[in-house]
Amino acid sequence: TSELWMRLVIHELSAARQQLQSGDVRPVFKMLARVARIFEQLNNAWDVLRTMTPSDYTTFRESLGQSSGFQSYQYRQIEIMLGNRNPAMLRPHAHRAEIIAMLNAEMAKPSLYDIALKALNTSFPLPETVLNRDRALPHSPDDAVMSAWTQVYEDPHTHWELYELAEKLVDLEDYFRRWRFNHVTTVERVIGFKRGTGGTGGVSYLKRMLSVELFPELWHLRTEL
């Protein structure tokens with residue numbers, strides 16, 4: 001069921017990116033709101049999984065072998081579309097040439113945040129290092145981007161579309177972060193600090209993922225306002 005929801009997320013993010021590139025911003029708001037609601041639904045799924053006790057899980061865990069959430073190429077595609085880009089994370093799919101080709105093609109495209117920054121650039125010129133960055137790497141926080149978004153928040157009525165876009169991105173990341181947090185707490189509750197079936201450090205790895213920021217300036221500016 002999670003994979004079906006993720007398929008819809010990919011559909012909506014693709015459409016939102018295309019609309020934003022065309023300059024038609026308003027339809028994007030509904031698409032991003034829908035993605036946030038989908039992640040709310042995915043978060044609710046953890047509530048069901050958390051009813052499984054360690055005793056329950058140990059009765060079948062060995063049957064999973066090396067099966068892992070790492071094998072979800074749709075989840076990996078979503079992260080890439082949102083800007084969390086790390087070529088090393090493609091390795092679990094190395095045995096699937098068509099999947100690797102699809103993910104590499106996604107890495108070559110601008111992320112949703114890249115396109116949002118191009119929209120921001122129409123009102124607040126941004127450095128070329130931001131607009132034409134290496135797409136294989138995640139976006140790094142930038143003072144000029146921070147300043148531009150801060151000006152949007154200081155005068156939302158003048159820059160309403162950019163303000164609304166920013167808040168929709170924050171909503172999306174808010175629910176995405178909750179999904180990660182629920183993942184961590186569910187894993188810790190069920191298997192403690194055992195290694196994950198995919199070979200990761202389990203909880204220790206997932207906790208590191210909690211520090212990943214997709215749209216950093218939109219969070220950091222709140223301290224400056």
# chains A, B, ... in the order shown; residues from 1 in each chain; ligands from 1
>>> residues_around(residues="range 26-32 of chain A", least_positions_apart="5", cutoff="8 Å", atoms="only C-alpha atoms", output="list in words")
Glu12, Leu13, Ala15, Ala16, Arg17, Gln19, Leu20, Glu161, Glu164, Leu165, Lys168, Leu169 and Leu172 of chain A
>>> residues_around(residues="Glu173 in chain A", least_positions_apart="3", cutoff="9 Å", atoms="only C-alpha atoms", output="count of residues only")
10
>>> residues_around(residues="Glu128 in chain A", least_positions_apart="6", cutoff="12 Å", atoms="only C-alpha atoms", output="ChimeraX atom specification")
/A:117-118,121,134,142,144-145
>>> write_last_selection(atoms="C-alpha atoms", output="PDB file, in the first residue's frame")
ATOM      1  CA  LEU A 117      14.371  28.780  -6.559  1.00  0.00           C
ATOM      2  CA  LYS A 118      14.094  29.685 -10.247  1.00  0.00           C
ATOM      3  CA  ASN A 121      14.813  34.296  -8.866  1.00  0.00           C
ATOM      4  CA  ASP A 134      25.729  20.415  -9.712  1.00  0.00           C
ATOM      5  CA  ASP A 142      22.947  29.826   0.755  1.00  0.00           C
ATOM      6  CA  ALA A 144      21.383  34.904  -0.837  1.00  0.00           C
ATOM      7  CA  VAL A 145      18.556  32.358  -0.929  1.00  0.00           C
TER       8      VAL A 145
END
>>> atom_distance(atom1="CA of Phe181 in chain A", atom2="CA of Leu162 in chain A")
28.3 Å
>>> atom_distance(atom1="CA of His220 in chain A", atom2="CA of Gln74 in chain A")
28.9 Å
>>> closest_residue(among="A:Asn104, A:Thr51, A:Thr58, A:Ser14", to="Met81 in chain A", atoms="only C-alpha atoms")
A:Ser14
